[in-house]
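Pasted below: target-v1.txt, compact mmCIF, C-alpha atoms.
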```txt
# COMPACT_ATOMS: atom_id res chain seq x y z
CA MET I 1 106.58 239.92 187.80
CA MET I 2 110.05 240.94 186.61
CA HIS I 3 111.63 239.16 183.63
CA GLU I 4 114.38 236.64 184.46
CA VAL I 5 117.05 238.72 182.69
CA GLU I 6 116.09 241.75 184.78
CA LEU I 7 116.37 239.67 187.91
CA LEU I 8 119.80 238.50 186.78
CA GLN I 9 120.88 242.09 186.26
CA LYS I 10 119.66 242.94 189.74
CA ILE I 11 121.85 240.27 191.39
CA ARG I 12 124.82 240.63 189.01
CA PRO I 13 127.07 242.90 191.18
CA ILE I 14 126.52 240.80 194.29
CA TRP I 15 127.01 237.56 192.38
CA LEU I 16 130.28 238.76 190.79
CA HIS I 17 131.64 240.03 194.09
CA ARG I 18 130.97 236.74 195.86
CA ALA I 19 132.25 234.63 192.96
CA VAL I 20 135.53 236.52 192.95
CA GLN I 21 135.84 236.30 196.75
CA LEU I 22 135.13 232.56 196.63
CA LEU I 23 137.37 231.61 193.74
CA ALA I 24 140.31 234.03 193.94
CA ARG I 25 142.56 233.69 196.98
CA GLY I 26 145.20 236.24 195.88
CA THR I 27 144.58 239.84 194.81
CA SER I 28 146.95 239.35 191.84
CA VAL I 29 144.54 236.97 190.14
CA ARG I 30 141.23 238.64 191.01
CA GLU I 31 141.20 240.80 187.92
CA GLY I 32 141.34 237.78 185.63
CA ILE I 33 138.71 235.97 187.68
CA THR I 34 136.41 238.99 187.55
CA HIS I 35 136.64 239.14 183.77
CA GLU I 36 136.08 235.40 183.46
CA MET I 37 133.07 235.41 185.79
CA GLY I 38 131.65 238.42 183.95
CA GLU I 39 131.82 236.53 180.65
CA PHE I 40 130.12 233.51 182.21
CA PHE I 41 127.36 235.69 183.68
CA ASP I 42 126.78 237.36 180.30
CA ALA I 43 126.53 233.94 178.66
CA LEU I 44 124.10 232.87 181.38
CA GLU I 45 121.88 235.84 180.51
CA GLN I 46 121.97 234.89 176.82
CA ALA I 47 121.13 231.29 177.66
CA ILE I 48 118.07 232.27 179.73
CA GLU I 49 116.86 234.82 177.20
CA SER I 50 117.25 232.47 174.21
CA GLY I 51 116.38 229.25 175.99
CA ASP I 52 119.63 227.74 174.62
CA PRO I 53 122.08 226.60 177.36
CA SER I 54 124.89 226.19 174.80
CA TRP I 55 125.70 229.89 175.20
CA ILE I 56 127.73 228.97 178.27
CA ASP I 57 129.77 226.29 176.45
CA PRO I 58 132.84 228.51 175.77
CA SER I 59 133.26 229.10 179.50
CA LEU I 60 132.68 225.42 180.27
CA ASN I 61 135.24 224.31 177.67
CA ALA I 62 137.80 226.74 179.09
CA TRP I 63 137.32 225.35 182.60
CA ALA I 64 137.51 221.73 181.44
CA SER I 65 140.69 222.35 179.43
CA SER I 66 142.33 224.20 182.32
CA LEU I 67 142.97 220.97 184.23
CA THR I 68 146.72 220.68 184.68
CA GLU I 69 148.74 217.50 185.09
CA THR I 70 149.22 218.41 188.75
CA ASP I 71 145.44 218.70 189.18
CA LEU I 72 144.97 215.27 187.59
CA GLU I 73 147.70 213.64 189.68
CA ALA I 74 146.56 215.13 193.00
CA ASN I 75 142.85 215.22 192.13
CA THR I 76 142.74 218.69 193.73
CA SER I 77 140.73 220.52 191.08
CA SER I 78 137.58 219.53 189.25
CA PRO I 79 135.40 221.46 186.76
CA THR I 80 132.32 219.68 188.10
CA GLY I 81 133.21 220.87 191.59
CA PHE I 82 133.67 224.38 190.20
CA VAL I 83 130.17 224.31 188.64
CA SER I 84 128.76 223.00 191.92
CA GLN I 85 130.30 225.94 193.79
CA LEU I 86 128.83 228.39 191.31
CA LEU I 87 125.38 226.81 191.60
CA ASN I 88 125.42 226.97 195.40
CA LEU I 89 126.64 230.57 195.25
CA THR I 90 123.89 231.51 192.76
CA LEU I 91 121.16 229.86 194.85
CA GLY I 92 122.38 231.71 197.94
CA VAL I 93 122.43 235.09 196.20
CA CYS I 94 118.91 234.56 194.81
CA LEU I 95 117.45 233.58 198.17
CA GLU I 96 119.14 236.47 199.98
CA ASN I 97 118.41 239.28 197.50
CA LEU I 98 115.07 238.35 195.92
CA ASP I 99 111.72 237.70 197.42
CA SER I 100 110.56 234.10 197.52
CA ALA I 101 108.53 234.28 194.29
CA GLN I 102 111.36 235.97 192.39
CA ALA I 103 113.92 233.55 193.83
CA LEU I 104 111.83 230.56 192.73
CA GLN I 105 111.36 232.12 189.28
CA MET I 106 115.09 232.76 188.96
CA ILE I 107 116.15 229.33 190.17
CA SER I 108 113.69 227.64 187.78
CA ALA I 109 115.13 229.64 184.90
CA LEU I 110 118.75 228.88 185.85
CA MET I 111 118.46 225.15 186.46
CA PRO I 112 118.45 224.06 182.75
CA SER I 113 121.69 225.99 182.20
CA PHE I 114 123.39 224.54 185.28
CA THR I 115 122.16 221.05 184.42
CA HIS I 116 123.66 221.48 180.98
CA ALA I 117 126.87 222.77 182.61
CA TYR I 118 127.14 219.70 184.85
CA GLU I 119 126.69 217.30 181.94
CA ALA I 120 129.11 219.16 179.67
CA VAL I 121 131.96 219.56 182.15
CA ALA I 122 131.53 216.02 183.51
CA LYS I 123 131.84 214.59 179.98
CA ALA I 124 134.83 216.81 179.19
CA GLU I 125 136.49 216.01 182.51
CA ILE I 126 136.06 212.26 182.00
CA GLN I 127 137.58 212.50 178.53
CA THR I 128 140.49 214.54 179.88
CA ARG I 129 141.12 212.09 182.70
CA ILE I 130 140.87 209.09 180.35
CA ALA I 131 143.41 210.72 178.05
CA TYR I 132 145.67 211.42 181.03
CA VAL I 133 145.44 207.86 182.36
CA SER I 134 146.02 206.44 178.86
CA ASN I 135 149.09 208.60 178.50
CA GLN I 136 150.35 207.49 181.93
CA LEU I 137 149.79 203.84 181.02
CA THR I 138 151.65 204.34 177.74
CA GLN I 139 154.57 205.88 179.60
CA VAL I 140 154.60 203.04 182.14
CA GLN I 141 154.50 200.47 179.32
CA GLN I 142 157.36 202.21 177.55
CA THR I 143 159.38 202.20 180.77
CA LEU I 144 158.67 198.49 181.31
CA ASP I 145 159.64 197.75 177.71
CA ARG I 146 162.92 199.61 178.18
CA LEU I 147 163.62 197.70 181.39
CA ASP I 148 162.80 194.40 179.72
CA ARG I 149 165.09 195.23 176.78
CA SER I 150 167.85 196.20 179.20
CA LYS I 151 167.37 192.93 181.07
CA SER I 152 167.47 190.93 177.84
CA ASP I 153 170.58 192.82 176.69
CA PHE I 154 172.26 192.13 180.02
CA ILE I 155 171.41 188.42 179.81
CA ALA I 156 172.80 188.20 176.27
CA VAL I 157 176.03 190.05 177.09
CA ALA I 158 176.58 188.20 180.36
CA ALA I 159 175.99 184.82 178.74
CA HIS I 160 178.41 185.44 175.89
CA GLU I 161 181.04 186.91 178.21
CA LEU I 162 180.83 183.86 180.50
CA LYS I 163 181.38 181.36 177.70
CA THR I 164 185.04 182.35 177.17
CA PRO I 165 186.25 181.80 180.77
CA LEU I 166 184.20 178.60 180.94
CA THR I 167 185.96 177.27 177.87
CA LEU I 168 189.31 178.12 179.43
CA ILE I 169 188.40 176.35 182.69
CA ASP I 170 187.26 173.26 180.77
CA GLY I 171 190.45 173.25 178.72
CA TYR I 172 192.80 173.60 181.66
CA THR I 173 190.85 170.98 183.63
CA ALA I 174 191.25 168.51 180.78
CA MET I 175 194.98 169.26 180.62
CA LEU I 176 195.34 168.72 184.37
CA ARG I 177 193.49 165.42 184.11
CA GLU I 178 195.77 164.22 181.32
CA ALA I 179 198.87 165.27 183.27
CA SER I 180 197.55 163.51 186.38
CA GLU I 181 196.97 160.30 184.43
CA LYS I 182 200.47 160.41 182.92
CA ASN I 183 202.16 160.97 186.27
CA GLY I 184 200.08 158.42 188.10
CA ARG I 185 196.51 159.16 189.10
CA ASP I 186 196.04 160.55 192.57
CA ALA I 187 192.60 159.82 194.00
CA ASN I 188 192.31 163.22 195.63
CA ASP I 189 193.30 165.02 192.40
CA PHE I 190 190.70 163.01 190.49
CA VAL I 191 187.95 164.02 192.93
CA LEU I 192 188.92 167.68 192.69
CA LEU I 193 189.08 167.67 188.90
CA THR I 194 185.74 165.86 188.68
CA GLY I 195 184.21 168.50 190.95
CA ILE I 196 185.52 171.29 188.70
CA SER I 197 184.16 169.54 185.60
CA ASN I 198 180.74 169.05 187.15
CA GLY I 199 180.62 172.68 188.26
CA THR I 200 181.60 174.04 184.86
CA ARG I 201 179.13 171.71 183.12
CA ARG I 202 176.30 172.98 185.29
CA LEU I 203 177.36 176.60 184.80
CA ARG I 204 177.56 176.04 181.04
CA GLY I 205 173.99 174.77 181.15
CA ILE I 206 172.88 177.98 182.86
CA VAL I 207 174.78 180.07 180.29
CA ASP I 208 173.14 178.13 177.45
CA ASP I 209 169.75 178.79 179.04
CA MET I 210 170.56 182.51 179.25
CA ILE I 211 171.44 182.54 175.55
CA ASP I 212 168.19 180.73 174.72
CA VAL I 213 166.22 183.30 176.72
CA SER I 214 167.98 186.10 174.82
CA LEU I 215 167.11 184.45 171.48
CA ILE I 216 163.47 183.95 172.51
CA ASP I 217 163.01 187.49 173.84
CA ASN I 218 164.47 189.00 170.66
CA ASN I 219 162.52 186.69 168.32
CA LEU I 220 165.77 185.17 167.05
CA LEU I 221 165.10 181.54 167.96
CA LYS I 222 165.40 179.50 164.76
CA LEU I 223 163.91 176.03 164.48
CA ASN I 224 165.52 173.20 162.55
CA LEU I 225 162.36 171.47 161.41
CA GLN I 226 162.79 167.77 160.69
CA PRO I 227 160.60 164.67 160.71
CA LEU I 228 160.15 163.35 164.24
CA TRP I 229 158.13 160.88 166.22
CA LEU I 230 157.19 161.94 169.73
CA ASN I 231 157.27 158.41 171.14
CA ARG I 232 160.94 158.13 170.13
CA LEU I 233 161.74 161.39 171.87
CA PHE I 234 160.05 160.09 174.99
CA GLN I 235 162.08 156.85 174.89
CA VAL I 236 165.35 158.80 174.71
CA LEU I 237 164.27 161.05 177.58
CA GLU I 238 163.16 158.11 179.69
CA ASN I 239 166.63 156.58 179.46
CA GLU I 240 168.25 159.96 180.06
CA ILE I 241 166.48 160.68 183.33
CA LYS I 242 166.57 157.13 184.73
CA PRO I 243 169.45 158.01 187.09
CA ALA I 244 167.49 160.97 188.46
CA LEU I 245 164.38 158.83 188.94
CA ALA I 246 166.43 156.15 190.69
CA GLU I 247 168.06 158.70 192.99
CA ARG I 248 164.66 160.05 194.02
CA ASN I 249 162.95 156.63 194.07
CA GLN I 250 160.34 157.89 191.61
CA ARG I 251 158.68 156.11 188.72
CA LEU I 252 157.89 157.50 185.27
CA GLU I 253 154.93 156.07 183.37
CA ILE I 254 154.73 156.84 179.63
CA ASP I 255 151.53 155.98 177.77
CA SER I 256 151.35 155.22 174.09
CA PHE I 257 148.59 157.53 172.92
CA PRO I 258 147.08 158.20 169.47
CA GLY I 259 149.38 160.38 167.38
CA CYS I 260 152.57 159.86 169.36
CA SER I 261 153.91 157.28 166.88
CA GLU I 262 152.98 159.30 163.80
CA MET I 263 155.51 161.45 161.95
CA THR I 264 155.32 165.21 162.25
CA PHE I 265 157.73 168.04 161.48
CA GLY I 266 159.38 169.88 164.35
CA ASP I 267 162.75 170.66 165.88
CA PRO I 268 163.71 167.42 167.68
CA GLU I 269 166.49 168.99 169.75
CA ARG I 270 164.33 171.87 170.94
CA LEU I 271 161.35 169.64 171.71
CA MET I 272 163.68 167.33 173.66
CA GLN I 273 164.65 170.44 175.61
CA VAL I 274 160.97 171.20 176.28
CA PHE I 275 160.06 167.76 177.60
CA ARG I 276 163.37 167.37 179.45
CA ASN I 277 162.75 170.61 181.33
CA LEU I 278 159.18 169.60 182.18
CA LEU I 279 160.19 166.12 183.35
CA ILE I 280 163.10 167.41 185.47
CA ASN I 281 160.74 170.03 186.87
CA ALA I 282 158.31 167.25 187.84
CA VAL I 283 161.14 165.27 189.46
CA LYS I 284 162.25 168.29 191.53
CA PHE I 285 158.82 169.16 192.88
CA THR I 286 157.60 165.63 193.56
CA PRO I 287 158.60 164.05 196.89
CA ASP I 288 160.76 160.91 197.00
CA GLY I 289 158.76 157.86 195.96
CA GLY I 290 156.39 159.91 193.80
CA ARG I 291 154.93 159.20 190.39
CA ILE I 292 155.19 161.07 187.06
CA HIS I 293 152.80 160.22 184.24
CA LEU I 294 153.32 161.27 180.60
CA SER I 295 150.32 160.88 178.34
CA GLY I 296 148.45 162.75 175.65
CA ARG I 297 145.83 162.73 172.96
CA LYS I 298 145.37 163.59 169.30
CA LEU I 299 143.17 166.56 168.47
CA PRO I 300 142.13 168.00 165.08
CA GLY I 301 145.40 169.45 163.78
CA PHE I 302 147.20 169.17 167.13
CA ILE I 303 148.78 166.74 169.57
CA GLU I 304 148.40 167.47 173.27
CA VAL I 305 151.04 166.04 175.60
CA THR I 306 150.42 166.05 179.36
CA ILE I 307 152.97 165.55 182.13
CA GLU I 308 151.23 164.87 185.43
CA ASP I 309 152.87 164.45 188.83
CA ASN I 310 151.74 163.96 192.42
CA GLY I 311 154.06 166.68 193.70
CA ILE I 312 153.49 169.71 195.89
CA GLY I 313 151.44 171.56 193.26
CA ILE I 314 151.33 175.23 192.24
CA ASP I 315 149.09 177.98 193.63
CA PRO I 316 146.67 179.42 191.01
CA GLU I 317 148.16 182.92 191.33
CA ASP I 318 151.62 181.52 190.42
CA GLN I 319 150.58 179.47 187.41
CA LEU I 320 151.29 182.27 184.92
CA ALA I 321 154.29 183.70 186.74
CA ILE I 322 156.30 180.47 186.51
CA PHE I 323 156.56 180.91 182.73
CA GLU I 324 158.17 184.34 183.08
CA LYS I 325 161.92 184.94 183.20
CA PHE I 326 163.31 184.22 186.66
CA GLY I 327 159.80 183.08 187.61
CA THR I 328 160.71 181.15 190.73
CA ILE I 329 158.08 180.69 193.44
CA GLY I 330 158.39 180.21 197.15
CA ASN I 331 161.34 181.24 199.29
CA THR I 332 164.43 180.70 197.13
CA ALA I 333 166.61 180.70 200.28
CA LEU I 334 164.96 177.41 201.25
CA HIS I 335 165.61 175.71 197.91
CA SER I 336 168.18 172.96 197.84
CA SER I 337 171.05 173.49 195.45
CA GLY I 338 170.90 170.12 193.70
CA LYS I 339 169.61 169.95 190.14
CA ILE I 340 167.16 167.14 190.96
CA LYS I 341 166.88 167.46 194.73
CA PHE I 342 163.43 168.04 196.20
CA LYS I 343 162.45 171.67 195.50
CA GLY I 344 165.84 172.16 193.89
CA GLY I 345 166.48 175.78 193.00
CA GLY I 346 167.49 177.29 189.69
CA PRO I 347 167.64 180.60 187.87
CA GLY I 348 163.97 180.35 186.85
CA LEU I 349 164.60 180.18 183.09
CA GLY I 350 163.54 176.63 182.22
CA LEU I 351 159.79 177.15 181.90
CA HIS I 352 160.28 180.48 180.11
CA ILE I 353 162.38 178.60 177.54
CA VAL I 354 159.72 175.87 177.33
CA LYS I 355 157.07 178.49 176.58
CA GLY I 356 159.26 180.19 173.96
CA ILE I 357 160.09 176.96 172.12
CA VAL I 358 156.50 175.68 172.13
CA GLU I 359 155.13 179.00 170.90
CA SER I 360 157.81 179.12 168.19
CA HIS I 361 156.36 175.81 166.97
CA GLY I 362 152.91 177.42 166.86
CA GLY I 363 151.72 175.69 170.01
CA ALA I 364 150.87 176.56 173.59
CA VAL I 365 151.81 175.43 177.08
CA TRP I 366 149.98 175.83 180.38
CA VAL I 367 149.67 174.22 183.79
CA GLU I 368 146.78 173.07 185.93
CA SER I 369 146.99 172.53 189.68
CA PRO I 370 144.51 172.90 192.55
CA GLY I 371 147.17 174.61 194.68
CA CYS I 372 150.41 174.14 196.57
CA ASP I 373 150.45 171.84 199.59
CA GLU I 374 153.62 170.01 200.66
CA ILE I 375 151.62 167.69 202.95
CA LYS I 376 148.69 166.63 200.74
CA CYS I 377 150.65 166.93 197.46
CA PRO I 378 147.78 167.74 195.04
CA GLY I 379 150.14 167.58 192.04
CA SER I 380 150.41 169.51 188.78
CA THR I 381 149.62 168.76 185.15
CA PHE I 382 151.56 170.54 182.40
CA HIS I 383 149.91 170.63 178.97
CA VAL I 384 151.89 171.04 175.74
CA LEU I 385 149.84 171.60 172.60
CA LEU I 386 151.78 171.13 169.34
CA PRO I 387 150.51 171.48 165.77
CA ILE I 388 150.67 168.39 163.56
CA ARG I 389 152.79 169.20 160.51
CA VAL I 390 152.79 166.51 157.83
CA GLU I 391 154.10 168.81 155.07
CA PRO I 392 157.80 169.78 154.85
CA PRO I 393 158.51 173.46 155.59
CA ASP I 394 160.15 174.14 152.20
CA GLU I 395 160.87 172.57 148.80
CA LYS I 396 164.41 171.52 149.72
CA MET I 397 163.21 169.52 152.70
CA ALA I 398 160.31 168.17 150.64
CA ARG I 399 162.83 166.60 148.23
CA ILE I 400 165.00 165.25 151.05
CA PHE I 401 162.14 163.68 153.00
CA SER I 402 159.84 162.77 150.11
CA PRO I 403 160.10 159.02 150.85
CA LEU I 404 158.76 159.66 154.34
CA THR I 405 156.01 162.11 153.40
CA GLN I 406 154.74 160.05 150.47
CA ASN I 407 154.05 157.18 152.83
CA GLN I 408 151.92 159.35 155.13
CA PRO I 409 148.16 158.66 155.10
```
Could I get this structure in the form of structure tokens?
Amino acid sequence: MMHEVELLQKIRPIWLHRAVQLLARGTSVREGITHEMGEFFDALEQAIESGDPSWIDPSLNAWASSLTETDLEANTSSPTGFVSQLLNLTLGVCLENLDSAQALQMISALMPSFTHAYEAVAKAEIQTRIAYVSNQLTQVQQTLDRLDRSKSDFIAVAAHELKTPLTLIDGYTAMLREASEKNGRDANDFVLLTGISNGTRRLRGIVDDMIDVSLIDNNLLKLNLQPLWLNRLFQVLENEIKPALAERNQRLEIDSFPGCSEMTFGDPERLMQVFRNLLINAVKFTPDGGRIHLSGRKLPGFIEVTIEDNGIGIDPEDQLAIFEKFGTIGNTALHSSGKIKFKGGGPGLGLHIVKGIVESHGGAVWVESPGCDEIKCPGSTFHVLLPIRVEPPDEKMARIFSPLTQNQP
């Protein structure tokens, strides 16, 4: 029986001719393909003669590295597919040009090399595609970061630019009101001036929210840490939103829970903003006559405050989105325009600000709800987790508030 290398030499011209015909569509590239296939065939001979399939690695590495970005995007070229074509071609040439015994001998000798080729190019191709996808993801992330920075820059610029004309409108409105009072108040003028004042006050609130978002997104939000007692914040807020509760015929229940009457350090104004936003949010998305329940509990090192309502609820897929900038849900065209009206609309900044303030304190905020249903009203529960800080943030504050901290248990 002929040696495998001799059998390879016998089929070499036919194999090369068919490989070139199969792989080269244009005559201008056939010369390069012929040389490349000749090198692979020579390496195949060395691999069979030595019993070491690694002789074909240079050709395999060249094929794997030849994947272009276009090939990866369109998935039109694959080294593993190339090896598969060569194997099928080789099997066909052996069966057609050797007798059955020689063909079986040749195929048995070639299979270790082609098996090695499959494994090598598959591994290299996977690594190449992983690198390509990682690069694409990096580029996408960079693009998203640029867009987010642009959006934050726009918010900051727009907010600051709006403050000047708002101040002018407020000033001229006050002057008109004074002039109207001096010349004898006209009821119609008073209504119009009150409407302008209310509109500018609401717009100023939106501008302030835009500035807060800009500070949060650029890590510029500074906290004025002071001693505070959560139960006192809740009392102030309860009185503040009484008119809104009365207008919507809702009731607010506030529990006295462990830890709420104990002193901790935080930014009272910012935490008021957090709980005000959450309570107003509960008012807006709870039908008339509904109930809002504020409670909490003391945990090791933390206080957890919960605000529960029996409102329309939030779908699970929206429970993260509502904390993003402009994270409104539902059809905004159907929202009422009132600040506390049922499903009242807004720019979608309130909960993003809540998240930023709470996280700046070292805490966390999240929501739980079985889903959104305006008929059954399953409700929502917002959780605010705040660290308990009994030590002043610096030496200066330690001296100022030493009488308070020395009395702490």
With all atoms listed in the file as the basis for distance, which of I:Val365, I:Cys94, I:Asp148, I:Leu60 is at the shortest distance from I:Lys10?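 With all atoms listed in the file as the atom set, the closest residue is I:Cys94.
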Give me the box for stretch 274-278 of chain I as JSON, namely the centre and edge lengths in Å to one decimal of a box along x, y and z that holds every listed atom plus 3 Å on each side.
```
{"center_x": 161.3, "center_y": 169.3, "center_z": 179.2, "size_x": 10.2, "size_y": 9.8, "size_z": 11.9}
```
Of the listed residues I:Leu245, I:Ala120, I:His160, I:Val390, that which approaches I:Glu262 most closely, counting only C-alpha atoms: I:Val390
Give me the residues within 7 Å of stretch 347-352 of chain I as a compact mmCIF listing (two decimals) with C-alpha atoms, in the frame of the given file, counting all atoms listed in the file and dropping any in the same chain fewer than 3 places off.
```txt
# COMPACT_ATOMS: atom_id res chain seq x y z
CA ASP I 209 169.75 178.79 179.04
CA ASN I 277 162.75 170.61 181.33
CA ILE I 322 156.30 180.47 186.51
CA PHE I 323 156.56 180.91 182.73
CA GLU I 324 158.17 184.34 183.08
CA LYS I 325 161.92 184.94 183.20
CA PHE I 326 163.31 184.22 186.66
CA GLY I 327 159.80 183.08 187.61
CA THR I 328 160.71 181.15 190.73
CA LYS I 355 157.07 178.49 176.58
CA GLY I 356 159.26 180.19 173.96
```
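The shortest atom-to-atom distance to I:His293, with all atoms listed in the file taken into account, belongs to I:Ile307 out of I:Ile314, I:Ile307, I:Ile33, I:Leu89.
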Within 12 Å of I:Lys123, counting all atoms listed in the file, which residues show up once you throw out same-chain ones fewer than 2 positions away? Write them as a PyMOL selection string, please. chain I and resi 60-61+64-65+78-80+116-121+125-130
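Considering all atoms listed in the file, the residue among I:Trp366, I:Phe257, I:Phe114, I:Phe41 positioned nearest to I:Leu299 is I:Phe257.
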Starting from the point (131.4, 237.3, 195.5), work out which residues of protein, DNA or RNA have an atom no more than 12 Å away when counting only C-alpha atoms; state them as an mmCIF file with C-alpha atoms, in the frame of the given file.
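Done, and the output landed in out.cif:
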```
data_model
loop_
_atom_site.group_PDB
_atom_site.id
_atom_site.type_symbol
_atom_site.label_atom_id
_atom_site.label_comp_id
_atom_site.auth_asym_id
_atom_site.auth_seq_id
_atom_site.Cartn_x
_atom_site.Cartn_y
_atom_site.Cartn_z
ATOM 1 C CA ILE I 11 121.850 240.270 191.390
ATOM 2 C CA ARG I 12 124.820 240.630 189.010
ATOM 3 C CA PRO I 13 127.070 242.900 191.180
ATOM 4 C CA ILE I 14 126.520 240.800 194.290
ATOM 5 C CA TRP I 15 127.010 237.560 192.380
ATOM 6 C CA LEU I 16 130.280 238.760 190.790
ATOM 7 C CA HIS I 17 131.640 240.030 194.090
ATOM 8 C CA ARG I 18 130.970 236.740 195.860
ATOM 9 C CA ALA I 19 132.250 234.630 192.960
ATOM 10 C CA VAL I 20 135.530 236.520 192.950
ATOM 11 C CA GLN I 21 135.840 236.300 196.750
ATOM 12 C CA LEU I 22 135.130 232.560 196.630
ATOM 13 C CA LEU I 23 137.370 231.610 193.740
ATOM 14 C CA ALA I 24 140.310 234.030 193.940
ATOM 15 C CA ARG I 25 142.560 233.690 196.980
ATOM 16 C CA ARG I 30 141.230 238.640 191.010
ATOM 17 C CA ILE I 33 138.710 235.970 187.680
ATOM 18 C CA THR I 34 136.410 238.990 187.550
ATOM 19 C CA MET I 37 133.070 235.410 185.790
ATOM 20 C CA GLY I 38 131.650 238.420 183.950
ATOM 21 C CA GLN I 85 130.300 225.940 193.790
ATOM 22 C CA LEU I 86 128.830 228.390 191.310
ATOM 23 C CA ASN I 88 125.420 226.970 195.400
ATOM 24 C CA LEU I 89 126.640 230.570 195.250
ATOM 25 C CA THR I 90 123.890 231.510 192.760
ATOM 26 C CA GLY I 92 122.380 231.710 197.940
ATOM 27 C CA VAL I 93 122.430 235.090 196.200
#
```
Completion step: stretch 119-132 of chain I with N, CA and C atoms as a PDB file, in the coordinates of the input:
```
ATOM      1  N   GLU I 119     126.512 218.367 182.913  1.00  0.00           N
ATOM      2  CA  GLU I 119     126.690 217.300 181.940  1.00  0.00           C
ATOM      3  C   GLU I 119     127.894 217.559 181.043  1.00  0.00           C
ATOM      4  N   ALA I 120     128.026 218.827 180.600  1.00  0.00           N
ATOM      5  CA  ALA I 120     129.110 219.160 179.670  1.00  0.00           C
ATOM      6  C   ALA I 120     130.481 219.038 180.323  1.00  0.00           C
ATOM      7  N   VAL I 121     130.640 219.597 181.527  1.00  0.00           N
ATOM      8  CA  VAL I 121     131.960 219.560 182.150  1.00  0.00           C
ATOM      9  C   VAL I 121     132.303 218.155 182.644  1.00  0.00           C
ATOM     10  N   ALA I 122     131.262 217.394 183.072  1.00  0.00           N
ATOM     11  CA  ALA I 122     131.530 216.020 183.510  1.00  0.00           C
ATOM     12  C   ALA I 122     132.038 215.179 182.343  1.00  0.00           C
ATOM     13  N   LYS I 123     131.403 215.333 181.161  1.00  0.00           N
ATOM     14  CA  LYS I 123     131.840 214.590 179.980  1.00  0.00           C
ATOM     15  C   LYS I 123     133.256 215.003 179.585  1.00  0.00           C
ATOM     16  N   ALA I 124     133.505 216.331 179.574  1.00  0.00           N
ATOM     17  CA  ALA I 124     134.830 216.810 179.190  1.00  0.00           C
ATOM     18  C   ALA I 124     135.890 216.373 180.198  1.00  0.00           C
ATOM     19  N   GLU I 125     135.530 216.413 181.489  1.00  0.00           N
ATOM     20  CA  GLU I 125     136.490 216.010 182.510  1.00  0.00           C
ATOM     21  C   GLU I 125     136.827 214.527 182.407  1.00  0.00           C
ATOM     22  N   ILE I 126     135.822 213.689 182.152  1.00  0.00           N
ATOM     23  CA  ILE I 126     136.060 212.260 182.000  1.00  0.00           C
ATOM     24  C   ILE I 126     136.985 211.995 180.824  1.00  0.00           C
ATOM     25  N   GLN I 127     136.735 212.686 179.703  1.00  0.00           N
ATOM     26  CA  GLN I 127     137.580 212.500 178.530  1.00  0.00           C
ATOM     27  C   GLN I 127     139.013 212.930 178.816  1.00  0.00           C
ATOM     28  N   THR I 128     139.160 214.055 179.546  1.00  0.00           N
ATOM     29  CA  THR I 128     140.490 214.540 179.880  1.00  0.00           C
ATOM     30  C   THR I 128     141.221 213.554 180.792  1.00  0.00           C
ATOM     31  N   ARG I 129     140.494 213.036 181.785  1.00  0.00           N
ATOM     32  CA  ARG I 129     141.120 212.090 182.700  1.00  0.00           C
ATOM     33  C   ARG I 129     141.442 210.767 182.015  1.00  0.00           C
ATOM     34  N   ILE I 130     140.579 210.307 181.102  1.00  0.00           N
ATOM     35  CA  ILE I 130     140.870 209.090 180.350  1.00  0.00           C
ATOM     36  C   ILE I 130     142.125 209.276 179.509  1.00  0.00           C
ATOM     37  N   ALA I 131     142.227 210.436 178.854  1.00  0.00           N
ATOM     38  CA  ALA I 131     143.410 210.720 178.050  1.00  0.00           C
ATOM     39  C   ALA I 131     144.659 210.754 178.916  1.00  0.00           C
ATOM     40  N   TYR I 132     144.521 211.332 180.118  1.00  0.00           N
ATOM     41  CA  TYR I 132     145.670 211.420 181.030  1.00  0.00           C
ATOM     42  C   TYR I 132     146.098 210.020 181.488  1.00  0.00           C
TER      43      TYR I 132
END
```
